[in-house]
$ cat upload_4.txt   # compact mmCIF, C-alpha atoms
# COMPACT_ATOMS: atom_id res chain seq x y z
CA MET O 281 111.46 76.99 128.29
CA SER O 282 110.59 75.11 125.08
CA SER O 283 108.86 77.13 122.36
CA ALA O 284 105.84 74.82 122.45
CA VAL O 285 105.36 75.27 126.19
CA THR O 286 105.97 79.04 125.89
CA ALA O 287 103.21 79.29 123.28
CA GLU O 288 100.81 77.37 125.48
CA ARG O 289 101.62 79.24 128.70
CA ALA O 290 99.10 82.04 128.19
CA THR O 291 96.27 79.53 127.83
CA LEU O 292 97.05 77.66 131.04
CA PRO O 293 95.08 78.14 134.26
CA GLU O 294 96.87 80.04 137.02
CA ALA O 295 97.72 76.91 139.02
CA ALA O 296 99.31 75.38 135.94
CA ARG O 297 101.31 78.54 135.15
CA ASP O 298 102.71 78.62 138.67
CA LEU O 299 103.73 74.94 138.45
CA LEU O 300 105.24 75.48 135.01
CA ASP O 301 107.36 78.34 136.37
CA ARG O 302 108.61 76.12 139.20
CA ILE O 303 109.45 73.34 136.74
CA GLU O 304 111.35 75.69 134.47
CA ALA O 305 113.33 77.00 137.44
CA ARG O 306 113.92 73.40 138.64
CA GLU O 307 112.35 74.41 141.93
CA ALA O 308 109.43 72.00 141.64
CA ARG O 309 109.72 69.21 144.18
CA VAL O 310 109.33 65.79 142.61
CA GLY O 311 107.86 62.91 144.59
CA VAL O 312 108.37 59.34 143.42
CA VAL O 313 106.08 56.68 144.90
CA GLY O 314 107.69 53.24 144.79
CA LEU O 315 111.49 53.05 144.98
CA GLY O 316 112.07 49.79 143.13
CA TYR O 317 113.62 49.04 139.76
CA VAL O 318 111.64 51.86 138.14
CA GLY O 319 111.19 54.43 140.89
CA LEU O 320 114.72 54.65 142.29
CA PRO O 321 116.46 55.28 138.93
CA LEU O 322 113.78 57.85 138.13
CA ALA O 323 114.26 59.61 141.46
CA LEU O 324 118.02 59.69 140.94
CA ALA O 325 117.58 61.13 137.45
CA PHE O 326 115.43 64.02 138.65
CA ALA O 327 117.71 64.72 141.61
CA GLU O 328 120.79 64.71 139.38
CA HIS O 329 119.09 67.21 137.07
CA GLY O 330 118.63 69.66 139.91
CA PHE O 331 115.15 68.87 141.19
CA PRO O 332 114.61 68.40 144.93
CA THR O 333 113.31 64.84 145.06
CA LEU O 334 111.39 62.94 147.73
CA GLY O 335 110.95 59.18 147.39
CA PHE O 336 108.14 57.21 149.04
CA ASP O 337 108.13 53.49 149.80
CA VAL O 338 106.32 51.22 152.23
CA ASP O 339 109.54 49.21 152.63
CA ARG O 340 111.34 50.92 155.50
CA ALA O 341 114.50 48.93 154.77
CA LYS O 342 114.79 50.72 151.40
CA VAL O 343 114.23 54.09 153.03
CA ALA O 344 116.88 53.35 155.66
CA ALA O 345 119.35 52.18 153.01
CA LEU O 346 118.99 55.40 151.03
CA ALA O 347 119.35 57.50 154.17
CA ALA O 348 122.60 55.65 154.88
CA GLY O 349 123.84 56.26 151.32
CA GLU O 350 123.48 52.61 150.39
CA SER O 351 121.99 51.03 147.29
CA TYR O 352 119.89 47.90 146.92
CA LEU O 353 119.93 47.93 143.09
CA LEU O 354 122.95 46.98 140.99
CA GLY O 355 122.38 49.76 138.49
CA CYS O 356 122.30 52.52 141.11
CA ALA O 357 125.76 53.13 142.53
CA PRO O 358 125.95 54.08 146.23
CA ALA O 359 128.20 57.02 145.32
CA ARG O 360 125.34 58.60 143.35
CA ILE O 361 122.98 58.25 146.30
CA ARG O 362 125.49 59.65 148.80
CA ALA O 363 126.24 62.65 146.59
CA LEU O 364 122.56 63.51 146.17
CA THR O 365 121.60 63.04 149.81
CA ALA O 366 124.61 65.11 150.92
CA ALA O 367 123.56 67.89 148.53
CA GLY O 368 120.03 67.81 149.96
CA ARG O 369 118.46 66.92 146.61
CA LEU O 370 117.35 63.39 147.51
CA ASP O 371 115.34 62.22 150.50
CA ALA O 372 113.21 59.15 151.12
CA THR O 373 110.39 58.40 153.50
CA ALA O 374 107.82 55.78 154.45
CA ASP O 375 105.48 58.53 155.71
CA PHE O 376 102.80 58.91 153.05
CA ALA O 377 101.31 61.83 154.97
CA ARG O 378 104.04 63.84 153.21
CA LEU O 379 102.46 63.31 149.78
CA GLY O 380 101.22 66.89 149.88
CA GLU O 381 104.80 68.20 149.77
CA PRO O 382 105.82 67.40 146.17
CA ASP O 383 104.66 69.55 143.27
CA ALA O 384 104.74 66.51 141.00
CA VAL O 385 103.91 62.98 142.20
CA LEU O 386 105.15 60.17 139.95
CA ILE O 387 103.57 56.79 140.74
CA CYS O 388 105.83 53.77 140.09
CA VAL O 389 104.09 50.95 141.95
CA PRO O 390 103.68 47.29 140.91
CA THR O 391 100.77 46.14 138.76
CA PRO O 392 100.69 42.35 139.17
CA LEU O 393 98.10 39.81 138.09
CA THR O 394 95.61 38.00 140.28
CA PRO O 395 95.80 34.19 140.44
CA GLN O 396 93.11 34.25 137.72
CA ARG O 397 95.47 36.32 135.49
CA GLU O 398 93.37 39.45 135.75
CA PRO O 399 94.79 42.94 136.46
CA ASP O 400 95.49 43.71 140.10
CA THR O 401 95.42 47.50 140.41
CA GLY O 402 95.47 47.39 144.20
CA TYR O 403 98.80 49.19 144.53
CA ILE O 404 97.57 52.04 142.33
CA GLU O 405 94.32 52.27 144.27
CA ARG O 406 96.07 52.34 147.65
CA THR O 407 98.45 55.03 146.42
CA ALA O 408 95.50 57.10 145.21
CA GLU O 409 93.77 56.70 148.58
CA ALA O 410 96.93 57.85 150.36
CA LEU O 411 97.33 60.82 148.02
CA ARG O 412 93.70 61.96 147.85
CA PRO O 413 93.43 63.64 151.30
CA ARG O 414 96.79 65.38 150.73
CA LEU O 415 96.17 66.43 147.12
CA ARG O 416 96.37 70.19 146.77
CA PRO O 417 95.74 72.67 143.96
CA GLY O 418 98.64 72.92 141.53
CA GLN O 419 99.94 69.37 141.90
CA LEU O 420 100.77 67.20 138.89
CA VAL O 421 100.21 63.45 139.22
CA VAL O 422 101.76 61.07 136.68
CA LEU O 423 101.18 57.33 136.64
CA GLU O 424 104.14 55.33 135.31
CA SER O 425 103.00 51.80 136.25
CA THR O 426 102.10 49.59 133.30
CA THR O 427 98.34 49.11 133.08
CA TYR O 428 95.37 48.78 130.74
CA PRO O 429 94.09 51.73 128.68
CA GLY O 430 91.68 53.83 130.72
CA THR O 431 93.27 53.35 134.14
CA THR O 432 94.57 56.91 134.45
CA GLU O 433 91.52 58.82 133.21
CA GLY O 434 89.10 56.37 134.78
CA LEU O 435 90.19 54.68 137.98
CA LEU O 436 92.89 57.16 139.08
CA ARG O 437 91.04 60.34 138.14
CA ALA O 438 87.85 59.19 139.88
CA ALA O 439 89.76 58.39 143.06
CA LEU O 440 91.57 61.75 143.15
CA GLU O 441 88.50 63.88 142.34
CA ARG O 442 86.45 62.36 145.15
CA ASP O 443 87.07 65.26 147.56
CA GLY O 444 86.06 67.99 145.13
CA LEU O 445 89.25 69.00 143.31
CA ALA O 446 88.82 69.05 139.53
CA CYS O 447 91.34 67.44 137.19
CA GLY O 448 92.65 69.91 134.60
CA ALA O 449 91.81 72.96 136.71
CA ASP O 450 92.89 72.26 140.30
CA PHE O 451 95.28 69.36 139.80
CA PHE O 452 96.75 67.75 136.70
CA LEU O 453 96.95 64.11 135.68
CA ALA O 454 98.96 62.27 133.02
CA TYR O 455 100.41 58.90 132.11
CA SER O 456 104.04 58.31 131.11
CA PRO O 457 105.08 54.66 130.91
CA GLU O 458 108.31 53.49 132.48
CA ARG O 459 110.82 52.06 130.01
CA GLU O 460 113.46 50.61 132.30
CA ASP O 461 115.61 47.72 131.09
CA PRO O 462 117.42 46.40 134.19
CA GLY O 463 120.95 45.27 133.48
CA ASN O 464 121.24 47.17 130.19
CA PRO O 465 124.34 49.40 130.46
CA ARG O 466 123.45 51.35 127.30
CA PHE O 467 120.27 52.93 128.61
CA ASP O 468 119.05 54.38 131.88
CA ALA O 469 116.11 56.45 133.07
CA ALA O 470 117.68 59.71 131.84
CA SER O 471 118.64 58.48 128.36
CA ILE O 472 115.38 56.96 127.11
CA PRO O 473 112.70 59.12 125.44
CA LYS O 474 109.49 59.44 127.45
CA VAL O 475 106.02 58.94 126.03
CA VAL O 476 103.54 61.35 127.65
CA GLY O 477 99.76 61.37 127.48
CA GLY O 478 97.60 63.72 129.51
CA VAL O 479 94.03 63.28 130.68
CA ASP O 480 93.63 66.80 129.24
CA PRO O 481 95.88 69.12 127.20
CA VAL O 482 97.00 71.16 130.23
CA SER O 483 98.13 68.01 132.07
CA ALA O 484 99.97 66.82 128.97
CA ALA O 485 101.80 70.15 128.65
CA LEU O 486 102.91 70.12 132.28
CA ALA O 487 104.06 66.50 132.17
CA ARG O 488 106.02 67.18 129.00
CA ALA O 489 107.64 70.26 130.55
CA LEU O 490 108.70 68.21 133.58
CA TYR O 491 110.13 65.20 131.76
CA GLU O 492 111.92 67.18 129.06
CA LYS O 493 114.20 68.55 131.77
CA VAL O 494 115.52 65.03 132.37
CA VAL O 495 115.21 62.90 129.21
CA PRO O 496 116.54 63.46 125.67
CA ALA O 497 113.08 63.65 124.11
CA THR O 498 109.41 63.57 125.00
CA VAL O 499 106.84 62.01 122.69
CA VAL O 500 103.43 63.49 123.40
CA VAL O 501 100.44 61.41 122.32
CA SER O 502 96.81 62.41 122.16
CA SER O 503 95.65 60.93 125.47
CA ALA O 504 96.60 58.98 128.56
CA ARG O 505 94.87 55.98 126.96
CA ALA O 506 97.17 56.17 123.93
CA ALA O 507 100.21 56.35 126.21
CA GLU O 508 98.98 53.32 128.19
CA ALA O 509 98.45 51.43 124.95
CA THR O 510 101.95 52.37 123.78
CA LYS O 511 103.54 50.68 126.78
CA LEU O 512 101.43 47.55 126.35
CA THR O 513 102.33 47.42 122.66
CA GLU O 514 106.05 47.56 123.43
CA ASN O 515 105.80 44.64 125.84
CA VAL O 516 103.36 42.59 123.77
CA PHE O 517 105.83 42.90 120.89
CA ARG O 518 108.52 41.35 123.06
CA ALA O 519 106.23 38.66 124.46
CA VAL O 520 105.06 37.54 121.02
CA ASN O 521 108.59 37.40 119.60
CA ILE O 522 109.89 35.50 122.64
CA ALA O 523 107.08 33.01 122.10
CA LEU O 524 108.02 32.71 118.43
CA VAL O 525 111.65 31.78 119.12
CA ASN O 526 110.59 29.46 121.94
CA GLU O 527 108.30 27.63 119.52
CA LEU O 528 111.04 27.54 116.89
CA LYS O 529 113.38 26.07 119.51
CA MET O 530 111.00 23.17 120.10
CA VAL O 531 110.32 22.62 116.39
CA PHE O 532 113.98 22.74 115.38
CA ASP O 533 114.92 20.44 118.25
CA ARG O 534 112.62 17.78 116.77
CA MET O 535 114.43 18.26 113.46
CA GLY O 536 117.88 18.00 115.02
CA ILE O 537 118.65 21.67 114.33
CA ASP O 538 120.24 24.02 116.87
CA VAL O 539 118.03 27.12 117.14
CA TRP O 540 120.91 29.25 118.46
CA GLU O 541 122.99 28.43 115.40
CA VAL O 542 120.03 29.43 113.23
CA LEU O 543 119.57 32.72 115.12
CA ASP O 544 123.29 33.52 114.85
CA ALA O 545 123.05 33.09 111.09
CA ALA O 546 119.74 34.95 110.71
CA GLU O 547 121.11 37.89 112.69
CA THR O 548 123.66 38.60 109.96
CA LYS O 549 120.84 39.92 107.74
CA PRO O 550 121.10 43.72 107.96
CA PHE O 551 117.36 44.34 107.53
CA GLY O 552 114.01 42.73 108.22
CA PHE O 553 115.14 40.67 111.24
CA MET O 554 115.32 41.49 114.94
CA ARG O 555 116.87 38.90 117.20
CA PHE O 556 115.12 37.45 120.24
CA ASP O 557 116.54 34.51 122.17
CA PRO O 558 114.64 31.49 123.52
CA GLY O 559 114.86 30.47 127.14
CA PRO O 560 113.26 28.48 129.96
CA GLY O 561 110.26 30.82 130.09
CA TRP O 562 109.61 34.53 130.39
CA GLY O 563 110.33 36.64 133.45
CA GLY O 564 110.52 40.08 134.96
CA HIS O 565 107.69 42.29 136.12
CA CYS O 566 106.52 43.36 132.64
CA ILE O 567 106.67 40.75 129.89
CA PRO O 568 104.81 37.90 131.69
CA LEU O 569 102.09 40.27 132.95
CA ASP O 570 101.37 43.12 130.55
CA PRO O 571 99.92 41.13 127.62
CA PHE O 572 97.23 39.82 129.97
CA TYR O 573 96.31 43.40 130.93
CA LEU O 574 95.52 44.09 127.28
CA SER O 575 93.64 40.81 126.67
CA TRP O 576 91.56 41.40 129.81
CA LYS O 577 90.60 44.93 128.72
CA ALA O 578 89.96 43.81 125.14
CA ARG O 579 87.24 41.43 126.34
CA GLU O 580 85.26 44.48 127.50
CA TYR O 581 85.09 45.54 123.84
CA GLY O 582 84.39 42.07 122.48
CA ALA O 583 87.76 42.07 120.71
CA PRO O 584 89.62 38.72 120.60
CA THR O 585 93.36 38.69 121.31
CA ARG O 586 94.17 35.23 119.97
CA PHE O 587 97.73 36.07 118.96
CA ILE O 588 98.60 37.49 122.37
CA GLU O 589 96.98 34.63 124.27
CA LEU O 590 98.71 32.01 122.13
CA ALA O 591 102.06 33.69 122.85
CA GLY O 592 101.23 33.51 126.55
CA GLU O 593 100.44 29.80 126.31
CA ILE O 594 103.75 29.05 124.59
CA ASN O 595 105.84 31.05 127.04
CA LEU O 596 104.03 29.61 130.06
CA ALA O 597 104.73 26.09 128.77
CA MET O 598 108.52 26.52 128.62
CA PRO O 599 109.41 25.49 132.20
CA GLY O 600 107.54 22.22 131.59
CA TYR O 601 109.48 21.75 128.38
CA VAL O 602 112.80 22.21 130.20
CA VAL O 603 111.81 19.72 132.90
CA GLY O 604 110.80 17.26 130.17
CA LYS O 605 114.22 17.56 128.52
CA LEU O 606 115.85 16.98 131.90
CA GLN O 607 113.74 13.89 132.49
CA GLU O 608 114.64 12.48 129.07
CA ALA O 609 118.34 13.09 129.66
CA LEU O 610 118.27 11.45 133.10
CA ASN O 611 116.30 8.49 131.72
CA ARG O 612 118.98 7.87 129.13
CA GLY O 613 121.40 7.47 132.03
CA ARG O 614 118.91 5.18 133.80
CA ARG O 615 118.16 7.79 136.44
CA ALA O 616 114.77 9.05 137.62
CA VAL O 617 114.13 12.65 138.60
CA ALA O 618 112.99 11.39 142.00
CA GLY O 619 116.04 11.28 144.24
CA SER O 620 118.26 13.07 141.73
CA ARG O 621 120.34 16.08 142.77
CA VAL O 622 119.70 19.03 140.44
CA LEU O 623 121.57 22.34 140.55
CA LEU O 624 120.03 25.39 138.86
CA LEU O 625 122.48 27.96 137.52
CA GLY O 626 120.76 31.30 138.01
CA ILE O 627 117.38 32.23 139.45
CA ALA O 628 117.27 35.81 138.14
CA TYR O 629 114.89 36.33 135.25
CA LYS O 630 117.63 37.64 132.93
CA ARG O 631 121.39 37.81 132.59
CA ASP O 632 123.43 39.97 134.98
CA VAL O 633 120.54 41.38 137.03
CA ALA O 634 119.73 40.64 140.65
CA ASP O 635 116.01 40.58 139.89
CA PRO O 636 114.10 37.33 140.44
CA ARG O 637 110.61 38.69 139.78
CA GLU O 638 108.48 36.21 137.83
CA SER O 639 111.60 34.19 137.00
CA PRO O 640 110.88 30.77 135.45
CA ALA O 641 113.44 29.39 137.92
CA PHE O 642 110.80 29.25 140.63
CA GLU O 643 108.42 27.16 138.57
CA LEU O 644 111.33 24.87 137.71
CA ILE O 645 112.12 24.49 141.41
CA ASP O 646 108.49 23.80 142.21
CA ARG O 647 108.14 21.19 139.45
CA LEU O 648 111.40 19.44 140.34
CA LEU O 649 110.55 19.28 144.04
CA ALA O 650 107.13 17.85 143.18
CA LEU O 651 108.90 15.13 141.17
CA GLY O 652 111.08 14.26 144.15
CA ALA O 653 114.35 15.90 143.14
CA GLU O 654 116.80 17.48 145.58
CA VAL O 655 117.16 21.05 144.28
CA ALA O 656 119.90 23.62 144.91
CA TYR O 657 120.93 26.75 143.04
CA HIS O 658 123.88 29.00 142.35
CA ASP O 659 123.36 32.65 141.44
CA PRO O 660 126.24 35.09 142.00
CA LEU O 661 123.80 38.03 142.21
CA ILE O 662 121.06 36.56 144.43
CA PRO O 663 122.59 35.06 147.60
CA GLU O 664 119.21 34.11 149.06
CA ALA O 665 116.05 33.18 147.18
CA PRO O 666 113.34 35.64 148.26
CA ALA O 667 109.84 34.59 149.22
CA MET O 668 107.75 34.74 146.05
CA ARG O 669 104.10 35.78 145.99
CA THR O 670 103.43 33.37 143.12
CA TRP O 671 105.24 30.44 144.78
CA PRO O 672 104.55 30.89 148.51
CA ASP O 673 105.22 27.26 149.48
CA LEU O 674 108.78 26.92 148.22
CA PRO O 675 111.35 26.10 150.91
CA PRO O 676 114.07 28.62 151.82
CA LEU O 677 117.09 28.35 149.52
CA VAL O 678 120.49 30.03 149.51
CA SER O 679 122.99 30.21 146.68
CA ARG O 680 125.63 27.49 146.86
CA PRO O 681 129.25 28.35 146.03
CA LEU O 682 130.09 27.01 142.59
CA THR O 683 132.87 24.48 143.16
CA ALA O 684 134.12 21.38 141.40
CA GLU O 685 132.92 19.32 144.35
CA LEU O 686 129.38 20.74 144.21
CA LEU O 687 129.13 20.17 140.47
CA ALA O 688 130.44 16.62 140.65
CA ALA O 689 127.90 15.79 143.37
CA GLN O 690 124.95 16.65 141.11
CA ASP O 691 123.08 14.38 138.76
CA ALA O 692 122.31 17.34 136.52
CA VAL O 693 122.97 21.07 136.22
CA VAL O 694 120.36 23.26 134.49
CA VAL O 695 121.42 26.61 132.99
CA VAL O 696 118.43 28.82 133.76
CA THR O 697 120.07 32.26 133.70
CA ASP O 698 123.22 32.86 131.67
CA HIS O 699 125.01 35.26 134.02
CA SER O 700 128.35 36.38 132.60
CA GLY O 701 130.06 35.85 135.97
CA VAL O 702 129.64 32.06 135.97
CA ASP O 703 132.56 29.77 135.07
CA TYR O 704 130.88 27.65 132.42
CA ASP O 705 134.10 25.78 131.63
CA LEU O 706 134.21 24.63 135.26
CA VAL O 707 130.59 23.52 134.97
CA LEU O 708 131.23 21.53 131.81
CA GLU O 709 134.35 19.91 133.25
CA HIS O 710 132.80 18.63 136.47
CA ALA O 711 129.03 18.31 136.00
CA PRO O 712 127.93 14.86 134.76
CA LEU O 713 125.02 16.35 132.77
CA VAL O 714 124.19 19.92 131.70
CA VAL O 715 120.73 20.93 130.50
CA ASP O 716 121.27 24.24 128.71
CA ALA O 717 118.14 26.40 128.39
CA ARG O 718 120.05 29.53 127.35
CA GLY O 719 122.37 28.46 124.55
CA VAL O 720 125.52 28.97 126.59
CA TYR O 721 127.25 25.96 125.01
CA ARG O 722 127.19 26.46 121.28
CA ARG O 723 129.33 23.50 120.24
CA PRO O 724 127.88 19.97 120.59
CA HIS O 725 129.14 18.12 123.64
CA PRO O 726 128.16 14.67 124.96
CA LYS O 727 127.35 16.14 128.40
CA VAL O 728 125.14 18.96 127.09
CA VAL O 729 121.44 18.73 126.29
CA LYS O 730 119.88 21.84 124.70
CA ALA O 731 116.54 22.80 126.21
$ encode --input "upload_4.txt" --output "structure tokens"
Amino acid sequence: MSSAVTAERATLPEAARDLLDRIEAREARVGVVGLGYVGLPLALAFAEHGFPTLGFDVDRAKVAALAAGESYLLGCAPARIRALTAAGRLDATADFARLGEPDAVLICVPTPLTPQREPDTGYIERTAEALRPRLRPGQLVVLESTTYPGTTEGLLRAALERDGLACGADFFLAYSPEREDPGNPRFDAASIPKVVGGVDPVSAALARALYEKVVPATVVVSSARAAEATKLTENVFRAVNIALVNELKMVFDRMGIDVWEVLDAAETKPFGFMRFDPGPGWGGHCIPLDPFYLSWKAREYGAPTRFIELAGEINLAMPGYVVGKLQEALNRGRRAVAGSRVLLLGIAYKRDVADPRESPAFELIDRLLALGAEVAYHDPLIPEAPAMRTWPDLPPLVSRPLTAELLAAQDAVVVVTDHSGVDYDLVLEHAPLVVDARGVYRRPHPKVVKA
């Protein structure tokens, strides 16, 4: 038991002391709601550190896969799942009536935007409604989903206290933002420090005690609101810097300067510069969404967020910029987009992940189809394009095998996602035109147009 928690133990209410003892003995059962890119790695981390872990998901296919020892995420090896299920430390269910079983419930559900780009907290609210009738004294609830400051101590607390249990005395509530980076082999859920903010000091102490059994460090901040703001700050930082290099890409292109050459050179400075790369737009569940959570909440306080909103405008404009570069290149060859065959390389939102959420590829597909192009794609990690909530009218598409014949039959190939498993030499040899939105081809080539 850490010295800080030991010192606090005498001041904790009885329900909190009992939970703390179970955490210290690794007997506390951990429940993880939402077994996606955040929840499944988190569940595996707790199970591998000795905690009996129960995962919850509305997707019965995920539950069945885990029961069979299979994985649906590239970063979670099936061998890890089989070992933990065989040892009885990992279970999964779609039965939310079991939410009363865990001692700690960690909520890792999506927080999308509405079509009006306002926060959609529906998944959090539905989880709270499922948990509320099962909530029992002594349980710790931690929200990990990215959201605006005030969600945990306002919306979530109010929903959970509705049946008479008091936060801080009967049950405990905290916020600890997820920090997953899918596809990054250097970091996983158990190697990244966790920020923790409690609705009250007791909740903060319990959340810290739980997470410090799994991660290398916990960073306790003064409140759940500060922890929520920390997560938004991390993602706004990325969004703004992505917008900056995207704008530089467009400016330097007008000047006849290769932005990737400039970034390669700038990166050699050992201080005062952090590299971000331009692309065809932003993607993933966090970066395209989280800045708008902050700007929406800031309006309540009459605080303008001009910098953040400008970054959003630039990043949202990038798919149109890529299509414009494609149109210009086809026009030079006396071809129109209408009737042209266009192959997209990659529909994942980033390199070497099988995650298409909010990928700019889908807007590119939508724009090209609207212009009359025949669109196909190749992605070695996504064999079938999933139905997208944001683009519900797109036709079904499956990944085409990347062959010399397929490439030669296209009018243009657009590099959308720079997966390392793609044969870019083959592409350059056989494609008549390549529109490169990722800087794959660094040397000038008559077939390549940088976008």
$ residues_around --input "upload_4.txt" --residues "stretch 545-559 of chain O" --least-positions-apart "6" --cutoff "9 Å" --atoms "all atoms listed in the file" --output "JSON list (two decimals) with C-alpha atoms, in the coordinates of the input"
[["chain", "number", "residue", "atom", "x", "y", "z"],
["O", 518, "ARG", "CA", 108.52, 41.35, 123.06],
["O", 521, "ASN", "CA", 108.59, 37.40, 119.60],
["O", 522, "ILE", "CA", 109.89, 35.50, 122.64],
["O", 523, "ALA", "CA", 107.08, 33.01, 122.10],
["O", 524, "LEU", "CA", 108.02, 32.71, 118.43],
["O", 525, "VAL", "CA", 111.65, 31.78, 119.12],
["O", 526, "ASN", "CA", 110.59, 29.46, 121.94],
["O", 527, "GLU", "CA", 108.30, 27.63, 119.52],
["O", 528, "LEU", "CA", 111.04, 27.54, 116.89],
["O", 529, "LYS", "CA", 113.38, 26.07, 119.51],
["O", 539, "VAL", "CA", 118.03, 27.12, 117.14],
["O", 598, "MET", "CA", 108.52, 26.52, 128.62],
["O", 599, "PRO", "CA", 109.41, 25.49, 132.20],
["O", 696, "VAL", "CA", 118.43, 28.82, 133.76],
["O", 697, "THR", "CA", 120.07, 32.26, 133.70],
["O", 717, "ALA", "CA", 118.14, 26.40, 128.39],
["O", 718, "ARG", "CA", 120.05, 29.53, 127.35],
["O", 719, "GLY", "CA", 122.37, 28.46, 124.55],
["O", 731, "ALA", "CA", 116.54, 22.80, 126.21]]
$ axis_aligned_box --input "upload_4.txt" --around "stretch 546-565 of chain O" --padding-each-side "3 Å" --output "AutoDock Vina command-line options"
--center_x 115.7 --center_y 36.4 --center_z 121.8 --size_x 22.0 --size_y 21.9 --size_z 34.6
$ residues_around --input "upload_4.txt" --residues "O:Pro571" --least-positions-apart "6" --cutoff "10 Å" --atoms "all atoms listed in the file" --output "number ranges by chain"
O: 427-428, 512-520, 585, 588-589, 591-592
$ closest_residue --input "upload_4.txt" --among "O:Ser679, O:Ser456, O:Thr391, O:Thr333" --to "O:Arg488" --atoms "all atoms listed in the file"
O:Ser456
$ residues_around --input "upload_4.txt" --residues "stretch 458-465 of chain O" --least-positions-apart "6" --cutoff "7 Å" --atoms "only C-alpha atoms" --output "compact mmCIF listing (two decimals) with C-alpha atoms, keeping the file's coordinate frame"
# COMPACT_ATOMS: atom_id res chain seq x y z
CA VAL O 318 111.64 51.86 138.14
CA GLY O 355 122.38 49.76 138.49
CA GLU O 424 104.14 55.33 135.31
CA SER O 425 103.00 51.80 136.25
CA ASP O 632 123.43 39.97 134.98
CA VAL O 633 120.54 41.38 137.03
$ atom_distance --input "upload_4.txt" --atom1 "atom CA of O:Val422" --atom2 "atom CA of O:Ser639"
28.6 Å
$ residues_around --input "upload_4.txt" --residues "stretch 296-305 of chain O" --least-positions-apart "6" --cutoff "7 Å" --atoms "all atoms listed in the file" --output "NGL selection string"
:O and (281 or 289 or 418 or 486 or 490)
$ write_last_selection --input "upload_4.txt" --atoms "C-alpha atoms" --output "PDB file, in the frame of the given file"
ATOM      1  CA  MET O 281     111.460  76.990 128.290  1.00  0.00           C
ATOM      2  CA  ARG O 289     101.620  79.240 128.700  1.00  0.00           C
ATOM      3  CA  GLY O 418      98.640  72.920 141.530  1.00  0.00           C
ATOM      4  CA  LEU O 486     102.910  70.120 132.280  1.00  0.00           C
ATOM      5  CA  LEU O 490     108.700  68.210 133.580  1.00  0.00           C
TER       6      LEU O 490
END
$ residues_around --input "upload_4.txt" --residues "O:Ala410" --least-positions-apart "5" --cutoff "8 Å" --atoms "all atoms listed in the file" --output "PyMOL selection string"
chain O and resi 376-377+379
$ closest_residue --input "upload_4.txt" --among "O:Arg680, O:Arg722, O:His658, O:Lys727" --to "O:Arg612" --atoms "all atoms listed in the file"
O:Lys727
$ atom_distance --input "upload_4.txt" --atom1 "atom CA of O:Gly564" --atom2 "atom CA of O:Ala641"
11.5 Å
$ atom_distance --input "upload_4.txt" --atom1 "atom CA of O:Ser471" --atom2 "atom CA of O:Val310"
18.5 Å
$ closest_residue --input "upload_4.txt" --among "O:Phe326, O:Tyr352, O:Tyr455, O:Tyr657" --to "O:Asp371" --atoms "all atoms listed in the file"
O:Phe326
$ decode --input "upload_4.txt" --residues "stretch 425-441 of chain O" --atoms "C-alpha atoms" --output "compact mmCIF listing (two decimals), in the first residue's frame"
# COMPACT_ATOMS: atom_id res chain seq x y z
CA SER O 425 -14.58 8.49 -22.02
CA THR O 426 -13.39 11.85 -23.32
CA THR O 427 -15.91 14.57 -22.51
CA TYR O 428 -16.35 18.20 -21.49
CA PRO O 429 -15.43 19.44 -18.00
CA GLY O 430 -18.29 18.87 -15.58
CA THR O 431 -19.67 15.66 -17.09
CA THR O 432 -18.55 13.40 -14.23
CA GLU O 433 -19.56 15.56 -11.27
CA GLY O 434 -22.65 16.87 -13.02
CA LEU O 435 -24.37 14.54 -15.45
CA LEU O 436 -22.97 11.21 -14.19
CA ARG O 437 -23.20 11.97 -10.48
CA ALA O 438 -26.78 13.20 -10.79
CA ALA O 439 -27.81 10.06 -12.66
CA LEU O 440 -26.21 7.71 -10.12
CA GLU O 441 -27.51 9.50 -7.01
